[in-house]
Amino acid sequence: MKLICNIEVSFRQAVTSNCISTRRKSRQACLTLGRYSVKNNELYILLQTQQDKQGIKYKIDNNIEKIFANFVNEGKATIRMKEPPHDLIIQSDTLQLKSFLHVLKLGISKSADLNVLNVSNLNPKNVLPGQRSKIIIRKASDYPVLQGFSKTTEELHVVGLKRKSFDRQILRLQCLRVLNLSDNQISALPKELDLLKNLQELNLANNLLGSAPLSRWAWLNGESMRHGLRLLDISSNNIATLPPQIGNLTALITLKAGDNALSYLPQAIGSMINLKYLDISGNKLLFLPGSLKHLRLNDLDISGNPFNPSETFSIVRMGVFSLVEIAARVVLKKRVPYTSSKIPLTLIKHLDEAQLCTCGNPCLNYYFRRVMNIELNGFTSSFKVSGNCSPKFDCYFCSLSCVQRYSKFSMLN
């Protein structure tokens with residue numbers, strides 16, 4: 001019984017009355033449940049990695065202190081061993097993990113015949129096959145249509161094949177960290193992309209995402225996308241409108257959206273608190289969103305946009321706040337997570353379309369909106385512009401006091 005997974009080994013050491021735990025970095029590994037030898041029916045778990053192919057053998061009988069499986073539906077579990085005092089912190093495909101733990105529990109209880117469980121003898125030389133962690137496909141003839149991709153794949157590059165749809169077998173790659181689908185003809189991604197729990201980099205450059213309606217960007221709402229994605233490249237997709245859900249990617253460090261057809265950016269981009277590198281060059285932007293002021297960028301590229309420094313406007317929409325407005329502001333201000341399983345879709349749309357005040361508070365039905373000057377070096381260390389262009393900012397304010405406060409800081413003309 002084998003389980004291909006990512007594993008982190010925690011070493012527990014008792015020191016006086018305290019318990020000190022040291023951890024090794026998570027690695028791709030193979031856990032094998034089997035007999036110690038032909039003549040010995042005792043069950044062991046063999047942990048192997050590419051760095052240690054001989055592996056470590058853990059005795060099972062009277063040696064497993066506890067199995068933590070509260071998050072097994074998310075593909076996570078921990079096996080606590082007595083000797084050596086190790087915690088095996090596992091992340092794997094949910095179904096495979098459940099099967100492995102089921103067989104393990106049967107082995108612990110000795111309630112089933114080992115031959116029935118199909119438990120083989122441990123042989124380190126035969127347990128860990130040569131697995132490809134990085135796959136690059138540049139020819140259609142090399143695409144694994146029937147056999148599929150190795151489940152241990154950490155980097156997958158499917159480039160320049162003119163593929164028109166997303167291959168759903170990719171969703172099974174639980175170890176995937178980097179997915180490169182650039183130079184294809186893909187118009188939409190499935191909302192189930194969130195199944196890729198370890199995905200950190202997603203390259204969709206030079207595709208056809210701009211031809212899909214905003215409803216096909218639902219994959220941005222996934223929990224894994226929100227907290228795991230570090231790099232997103234959607235450049236050269238003829239995108240005219242970025243969905244406000246882009247602001248959900250609060251862990252994103254690099255966003256490349258150059259060479260599209262964007263005429264404006266959603267104010268929600270100011271919620272991407274970890275963003276450091278932003279490329280929005282070669283678009284049709286007339287203004288920048290005032291919410292950019294909340295970011296601390298290392299590099300900003302806004303070259304190749306037709307900014308219009310002479311255009312200006314001022315909009316006032318104020319009234320008595322409804323209970324929905326008040327509740328929505330609290331939800332957004334406190335960053336309370338929300339999904340369609342918790343609240344109606346109409347309210348989700350209401351929350352997603354909220355704007356950000358220059359003070360950081362949300363604006364919904366009522367706000368002040370004005371065009372203002374903001375110094376680029378106030379929120380970015382380095383920036384690239386075309387010529388002597390000095391773009392203006394489309395700013396929202398949640399109250400008159402905010403308008404007056406920021407006017408004093410000479411942000412207005």
# chains A, B, ... in the order shown; residues from 1 in each chain; ligands from 1
$ select_by_dssp --residues "segment 42-218 of chain A" --states "strand (DSSP E or B)" --output "ChimeraX atom specification"
/A:43-49,56-59,64-68,76-81,86-91,121,134-137,155-158,178-180,201-203
$ residues_around --residues "Ile280 of chain A" --least-positions-apart "6" --cutoff "8 Å" --atoms "only C-alpha atoms" --output "ChimeraX atom specification"
/A:256-259,300-303
$ closest_residue --among "A:Ile67, A:Cys398, A:Val9, A:Leu101" --to "Thr32 of chain A" --atoms "only C-alpha atoms"
A:Leu101
$ residues_around --residues "Leu176 of chain A" --least-positions-apart "5" --cutoff "7 Å" --atoms "only C-alpha atoms" --output "list in words"
Thr153, Glu154, Glu155, Leu196, Asn198 and Leu199 of chain A
$ write_last_selection --atoms "all heavy atoms" --output "short mmCIF file (atom, residue, chain, number, x, y, z; two decimals), in the first residue's frame"
data_model
loop_
_atom_site.label_atom_id
_atom_site.label_comp_id
_atom_site.auth_asym_id
_atom_site.auth_seq_id
_atom_site.Cartn_x
_atom_site.Cartn_y
_atom_site.Cartn_z
N THR A 153 3.85 15.23 -9.87
CA THR A 153 4.27 16.40 -10.62
C THR A 153 4.14 17.67 -9.79
O THR A 153 3.09 17.97 -9.24
CB THR A 153 3.43 16.55 -11.91
OG1 THR A 153 3.54 15.35 -12.69
CG2 THR A 153 3.90 17.73 -12.73
N GLU A 154 5.23 18.42 -9.71
CA GLU A 154 5.23 19.70 -9.00
C GLU A 154 5.23 20.88 -9.94
O GLU A 154 4.73 21.95 -9.59
CB GLU A 154 6.46 19.78 -8.08
CG GLU A 154 6.45 18.75 -6.96
CD GLU A 154 7.61 18.94 -5.99
OE1 GLU A 154 8.33 19.94 -6.13
OE2 GLU A 154 7.79 18.08 -5.12
N GLU A 155 5.80 20.70 -11.13
CA GLU A 155 5.78 21.76 -12.15
C GLU A 155 5.28 21.17 -13.46
O GLU A 155 5.80 20.16 -13.92
CB GLU A 155 7.19 22.34 -12.37
CG GLU A 155 7.71 23.16 -11.22
CD GLU A 155 8.99 23.90 -11.59
OE1 GLU A 155 9.11 24.31 -12.77
OE2 GLU A 155 9.86 24.06 -10.73
N LEU A 196 -6.27 22.37 -6.32
CA LEU A 196 -4.81 22.36 -6.34
C LEU A 196 -4.30 23.13 -5.12
O LEU A 196 -3.97 24.32 -5.19
CB LEU A 196 -4.29 22.99 -7.64
CG LEU A 196 -4.76 22.29 -8.93
CD1 LEU A 196 -4.26 23.03 -10.15
CD2 LEU A 196 -4.29 20.83 -8.96
N ASN A 198 -1.64 23.21 -3.41
CA ASN A 198 -0.26 23.68 -3.29
C ASN A 198 0.14 24.64 -4.41
O ASN A 198 1.31 25.02 -4.50
CB ASN A 198 0.71 22.49 -3.28
CG ASN A 198 0.55 21.64 -2.03
OD1 ASN A 198 0.71 22.12 -0.92
ND2 ASN A 198 0.22 20.38 -2.20
N LEU A 199 -0.80 25.02 -5.26
CA LEU A 199 -0.46 25.86 -6.41
C LEU A 199 -0.01 27.24 -5.96
O LEU A 199 -0.69 27.92 -5.20
CB LEU A 199 -1.68 25.99 -7.33
CG LEU A 199 -1.41 26.64 -8.69
CD1 LEU A 199 -0.45 25.78 -9.51
CD2 LEU A 199 -2.70 26.86 -9.46
#
$ residues_around --residues "Thr312 of chain A" --least-positions-apart "5" --cutoff "9 Å" --atoms "only C-alpha atoms" --output "short mmCIF file (atom, residue, chain, number, x, y, z; two decimals) with N, CA, C and O atoms, in the first residue's frame"
data_model
loop_
_atom_site.label_atom_id
_atom_site.label_comp_id
_atom_site.auth_asym_id
_atom_site.auth_seq_id
_atom_site.Cartn_x
_atom_site.Cartn_y
_atom_site.Cartn_z
N ARG A 370 -13.87 61.21 -6.82
CA ARG A 370 -13.18 62.34 -7.43
C ARG A 370 -11.89 61.88 -8.09
O ARG A 370 -11.30 60.86 -7.71
N VAL A 371 -11.44 62.65 -9.08
CA VAL A 371 -10.14 62.42 -9.71
C VAL A 371 -9.10 63.23 -8.95
O VAL A 371 -9.29 64.42 -8.68
N MET A 372 -7.99 62.58 -8.59
CA MET A 372 -7.00 63.23 -7.75
C MET A 372 -5.59 62.92 -8.23
O MET A 372 -5.37 62.00 -9.02
N LYS A 392 -3.49 60.30 -13.34
CA LYS A 392 -4.34 60.67 -12.22
C LYS A 392 -5.04 59.43 -11.67
O LYS A 392 -5.03 58.37 -12.30
#
$ closest_residue --among "A:Arg216, A:Arg163, A:Lys293, A:Lys76" --to "Lys197 of chain A" --atoms "only C-alpha atoms"
A:Lys76
$ residues_around --residues "Asn377 of chain A" --least-positions-apart "6" --cutoff "12 Å" --atoms "only C-alpha atoms" --output "mmCIF file with N, CA, C and O atoms, in the first residue's frame"
data_model
loop_
_atom_site.group_PDB
_atom_site.id
_atom_site.type_symbol
_atom_site.label_atom_id
_atom_site.label_comp_id
_atom_site.auth_asym_id
_atom_site.auth_seq_id
_atom_site.Cartn_x
_atom_site.Cartn_y
_atom_site.Cartn_z
ATOM 1 N N LEU A 292 -4.680 51.892 -5.028
ATOM 2 C CA LEU A 292 -3.258 51.524 -5.129
ATOM 3 C C LEU A 292 -2.436 52.168 -4.018
ATOM 4 O O LEU A 292 -1.367 51.686 -3.661
ATOM 5 N N LYS A 293 -2.957 53.242 -3.482
ATOM 6 C CA LYS A 293 -2.263 53.952 -2.401
ATOM 7 C C LYS A 293 -2.050 53.052 -1.176
ATOM 8 O O LYS A 293 -1.136 53.272 -0.387
ATOM 9 N N LEU A 295 -1.077 49.981 -1.229
ATOM 10 C CA LEU A 295 -0.052 48.972 -1.475
ATOM 11 C C LEU A 295 1.343 49.529 -1.210
ATOM 12 O O LEU A 295 1.551 50.732 -1.163
ATOM 13 N N ARG A 296 2.288 48.607 -1.071
ATOM 14 C CA ARG A 296 3.702 48.972 -0.944
ATOM 15 C C ARG A 296 4.463 48.155 -1.980
ATOM 16 O O ARG A 296 5.006 47.103 -1.684
ATOM 17 N N LEU A 297 4.466 48.668 -3.202
ATOM 18 C CA LEU A 297 5.041 47.940 -4.331
ATOM 19 C C LEU A 297 6.546 48.149 -4.424
ATOM 20 O O LEU A 297 7.062 49.207 -4.072
ATOM 21 N N ASN A 298 7.209 47.119 -4.939
ATOM 22 C CA ASN A 298 8.624 47.253 -5.274
ATOM 23 C C ASN A 298 8.802 47.728 -6.705
ATOM 24 O O ASN A 298 9.774 48.419 -7.021
ATOM 25 N N ASP A 299 7.862 47.340 -7.576
ATOM 26 C CA ASP A 299 7.997 47.693 -8.987
ATOM 27 C C ASP A 299 6.614 47.832 -9.618
ATOM 28 O O ASP A 299 5.748 46.966 -9.427
ATOM 29 N N LEU A 300 6.427 48.900 -10.363
ATOM 30 C CA LEU A 300 5.161 49.178 -11.045
ATOM 31 C C LEU A 300 5.447 49.591 -12.478
ATOM 32 O O LEU A 300 6.203 50.529 -12.719
ATOM 33 N N PHE A 383 9.099 52.680 -10.619
ATOM 34 C CA PHE A 383 7.977 52.660 -11.563
ATOM 35 C C PHE A 383 8.461 53.009 -12.967
ATOM 36 O O PHE A 383 9.483 53.680 -13.149
ATOM 37 N N LYS A 384 7.715 52.519 -13.946
ATOM 38 C CA LYS A 384 8.034 52.757 -15.348
ATOM 39 C C LYS A 384 6.823 53.376 -16.028
ATOM 40 O O LYS A 384 5.729 52.824 -15.991
ATOM 41 N N SER A 390 2.003 61.642 -16.277
ATOM 42 C CA SER A 390 1.703 61.676 -14.848
ATOM 43 C C SER A 390 0.231 61.303 -14.672
ATOM 44 O O SER A 390 -0.647 62.167 -14.732
#
$ select_by_dssp --residues "segment 134-267 of chain A" --states "helix (DSSP H, G or I)" --output "MDAnalysis selection string"
chainID A and resid 140:142 168:172 191:195 209:211 214:221 223:228 244:248 267
$ closest_residue --among "A:Gly304, A:Gly270, A:Pro344, A:Pro391" --to "Pro362 of chain A" --atoms "only C-alpha atoms"
A:Gly270
$ atom_distance --atom1 "atom CA of Val178 of chain A" --atom2 "atom CA of Gly148 of chain A"
17.2 Å
$ residues_around --residues "Pro85 of chain A" --least-positions-apart "2" --cutoff "10 Å" --atoms "only C-alpha atoms" --output "PyMOL selection string"
chain A and resi 10-14+21+63-65+80-83+87-88
$ atom_distance --atom1 "atom CA of Gln404 of chain A" --atom2 "atom CA of Gly319 of chain A"
18.3 Å
$ residues_around --residues "segment 203-207 of chain A" --least-positions-apart "2" --cutoff "6 Å" --atoms "only C-alpha atoms" --output "list of chain:residue names"
A:Asn180, A:Leu181, A:Ser182, A:Asp183, A:Asn184, A:Gln185, A:Ile186, A:Leu209, A:Leu232, A:Asp233, A:Ile234, A:Ser235, A:Ser236, A:Asn237
$ write_last_selection --atoms "all heavy atoms" --output "tab-separated table (two decimals), in the first residue's frame"
chain	number	residue	atom	x	y	z
A	180	ASN	N	1.98	26.18	-15.89
A	180	ASN	CA	2.23	27.09	-17.00
A	180	ASN	C	1.43	26.61	-18.22
A	180	ASN	O	1.75	25.60	-18.81
A	180	ASN	CB	3.73	27.12	-17.33
A	180	ASN	CG	4.06	28.09	-18.45
A	180	ASN	OD1	3.18	28.72	-19.03
A	180	ASN	ND2	5.34	28.21	-18.78
A	181	LEU	N	0.39	27.37	-18.58
A	181	LEU	CA	-0.46	27.05	-19.73
A	181	LEU	C	-0.38	28.17	-20.76
A	181	LEU	O	-1.33	28.40	-21.51
A	181	LEU	CB	-1.91	26.85	-19.28
A	181	LEU	CG	-2.17	25.73	-18.27
A	181	LEU	CD1	-3.63	25.74	-17.82
A	181	LEU	CD2	-1.81	24.38	-18.87
A	182	SER	N	0.74	28.85	-20.82
A	182	SER	CA	0.88	30.01	-21.72
A	182	SER	C	0.88	29.59	-23.19
A	182	SER	O	1.14	28.43	-23.53
A	182	SER	CB	2.17	30.76	-21.39
A	182	SER	OG	3.31	29.92	-21.53
A	183	ASP	N	0.57	30.55	-24.04
A	183	ASP	CA	0.59	30.37	-25.50
A	183	ASP	C	-0.34	29.25	-25.95
A	183	ASP	O	0.03	28.38	-26.75
A	183	ASP	CB	2.02	30.09	-25.99
A	183	ASP	CG	2.96	31.25	-25.71
A	183	ASP	OD1	2.59	32.40	-26.01
A	183	ASP	OD2	4.05	31.01	-25.16
A	184	ASN	N	-1.56	29.26	-25.43
A	184	ASN	CA	-2.60	28.34	-25.88
A	184	ASN	C	-3.82	29.16	-26.30
A	184	ASN	O	-3.69	30.36	-26.57
A	184	ASN	CB	-2.95	27.34	-24.78
A	184	ASN	CG	-1.90	26.23	-24.66
A	184	ASN	OD1	-1.82	25.35	-25.50
A	184	ASN	ND2	-1.09	26.29	-23.60
A	185	GLN	N	-4.98	28.54	-26.35
A	185	GLN	CA	-6.21	29.24	-26.72
A	185	GLN	C	-7.30	28.99	-25.69
A	185	GLN	O	-8.47	28.86	-26.01
A	185	GLN	CB	-6.66	28.78	-28.12
A	185	GLN	CG	-5.66	29.10	-29.22
A	185	GLN	CD	-6.08	28.58	-30.58
A	185	GLN	OE1	-7.18	28.07	-30.76
A	185	GLN	NE2	-5.20	28.71	-31.56
A	186	ILE	N	-6.91	28.94	-24.44
A	186	ILE	CA	-7.83	28.66	-23.35
A	186	ILE	C	-8.63	29.92	-23.00
A	186	ILE	O	-8.06	30.99	-22.81
A	186	ILE	CB	-7.06	28.16	-22.12
A	186	ILE	CG1	-6.34	26.84	-22.45
A	186	ILE	CG2	-7.99	27.98	-20.92
A	186	ILE	CD1	-5.39	26.37	-21.37
A	209	LEU	N	-8.53	34.52	-22.45
A	209	LEU	CA	-9.38	34.75	-21.27
A	209	LEU	C	-10.32	35.93	-21.46
A	209	LEU	O	-11.38	35.99	-20.83
A	209	LEU	CB	-8.51	34.97	-20.04
A	209	LEU	CG	-7.61	33.80	-19.61
A	209	LEU	CD1	-6.83	34.17	-18.35
A	209	LEU	CD2	-8.42	32.54	-19.38
A	232	LEU	N	0.60	35.36	-10.66
A	232	LEU	CA	-0.43	35.19	-11.67
A	232	LEU	C	-0.06	36.02	-12.89
A	232	LEU	O	0.13	37.23	-12.79
A	232	LEU	CB	-1.80	35.63	-11.14
A	232	LEU	CG	-2.95	35.59	-12.15
A	232	LEU	CD1	-3.20	34.16	-12.64
A	232	LEU	CD2	-4.23	36.17	-11.53
A	233	ASP	N	0.06	35.34	-14.03
A	233	ASP	CA	0.38	36.01	-15.30
A	233	ASP	C	-0.79	35.84	-16.25
A	233	ASP	O	-1.07	34.74	-16.74
A	233	ASP	CB	1.65	35.41	-15.91
A	233	ASP	CG	2.17	36.23	-17.10
A	233	ASP	OD1	1.40	37.06	-17.63
A	233	ASP	OD2	3.32	36.02	-17.51
A	234	ILE	N	-1.53	36.93	-16.50
A	234	ILE	CA	-2.66	36.90	-17.43
A	234	ILE	C	-2.42	37.92	-18.55
A	234	ILE	O	-3.37	38.44	-19.14
A	234	ILE	CB	-3.98	37.20	-16.71
A	234	ILE	CG1	-3.87	38.48	-15.86
A	234	ILE	CG2	-4.41	36.03	-15.85
A	234	ILE	CD1	-5.18	38.91	-15.23
A	235	SER	N	-1.18	38.20	-18.86
A	235	SER	CA	-0.86	39.17	-19.91
A	235	SER	C	-1.23	38.61	-21.28
A	235	SER	O	-1.31	37.40	-21.49
A	235	SER	CB	0.63	39.51	-19.86
A	235	SER	OG	1.43	38.34	-19.94
A	236	SER	N	-1.49	39.53	-22.21
A	236	SER	CA	-1.78	39.18	-23.62
A	236	SER	C	-2.95	38.22	-23.74
A	236	SER	O	-2.87	37.16	-24.36
A	236	SER	CB	-0.54	38.57	-24.29
A	236	SER	OG	0.55	39.46	-24.23
A	237	ASN	N	-4.09	38.61	-23.15
A	237	ASN	CA	-5.31	37.80	-23.22
A	237	ASN	C	-6.50	38.60	-23.76
A	237	ASN	O	-7.62	38.11	-23.74
A	237	ASN	CB	-5.67	37.25	-21.84
A	237	ASN	CG	-5.06	35.89	-21.58
A	237	ASN	OD1	-5.62	34.85	-21.92
A	237	ASN	ND2	-3.88	35.90	-20.97
$ closest_residue --among "A:Ile273, A:Leu202, A:Ile7, A:Leu242" --to "Cys175 of chain A" --atoms "only C-alpha atoms"
A:Ile7
$ closest_residue --among "A:Ile253, A:Pro243, A:Val403, A:Phe287" --to "Asp352 of chain A" --atoms "only C-alpha atoms"
A:Pro243
$ closest_residue --among "A:Ile79, A:Ile137, A:Leu286, A:Val331" --to "Lys105 of chain A" --atoms "only C-alpha atoms"
A:Ile79
$ atom_distance --atom1 "atom CA of Gly387 of chain A" --atom2 "atom CA of Lys276 of chain A"
23.3 Å
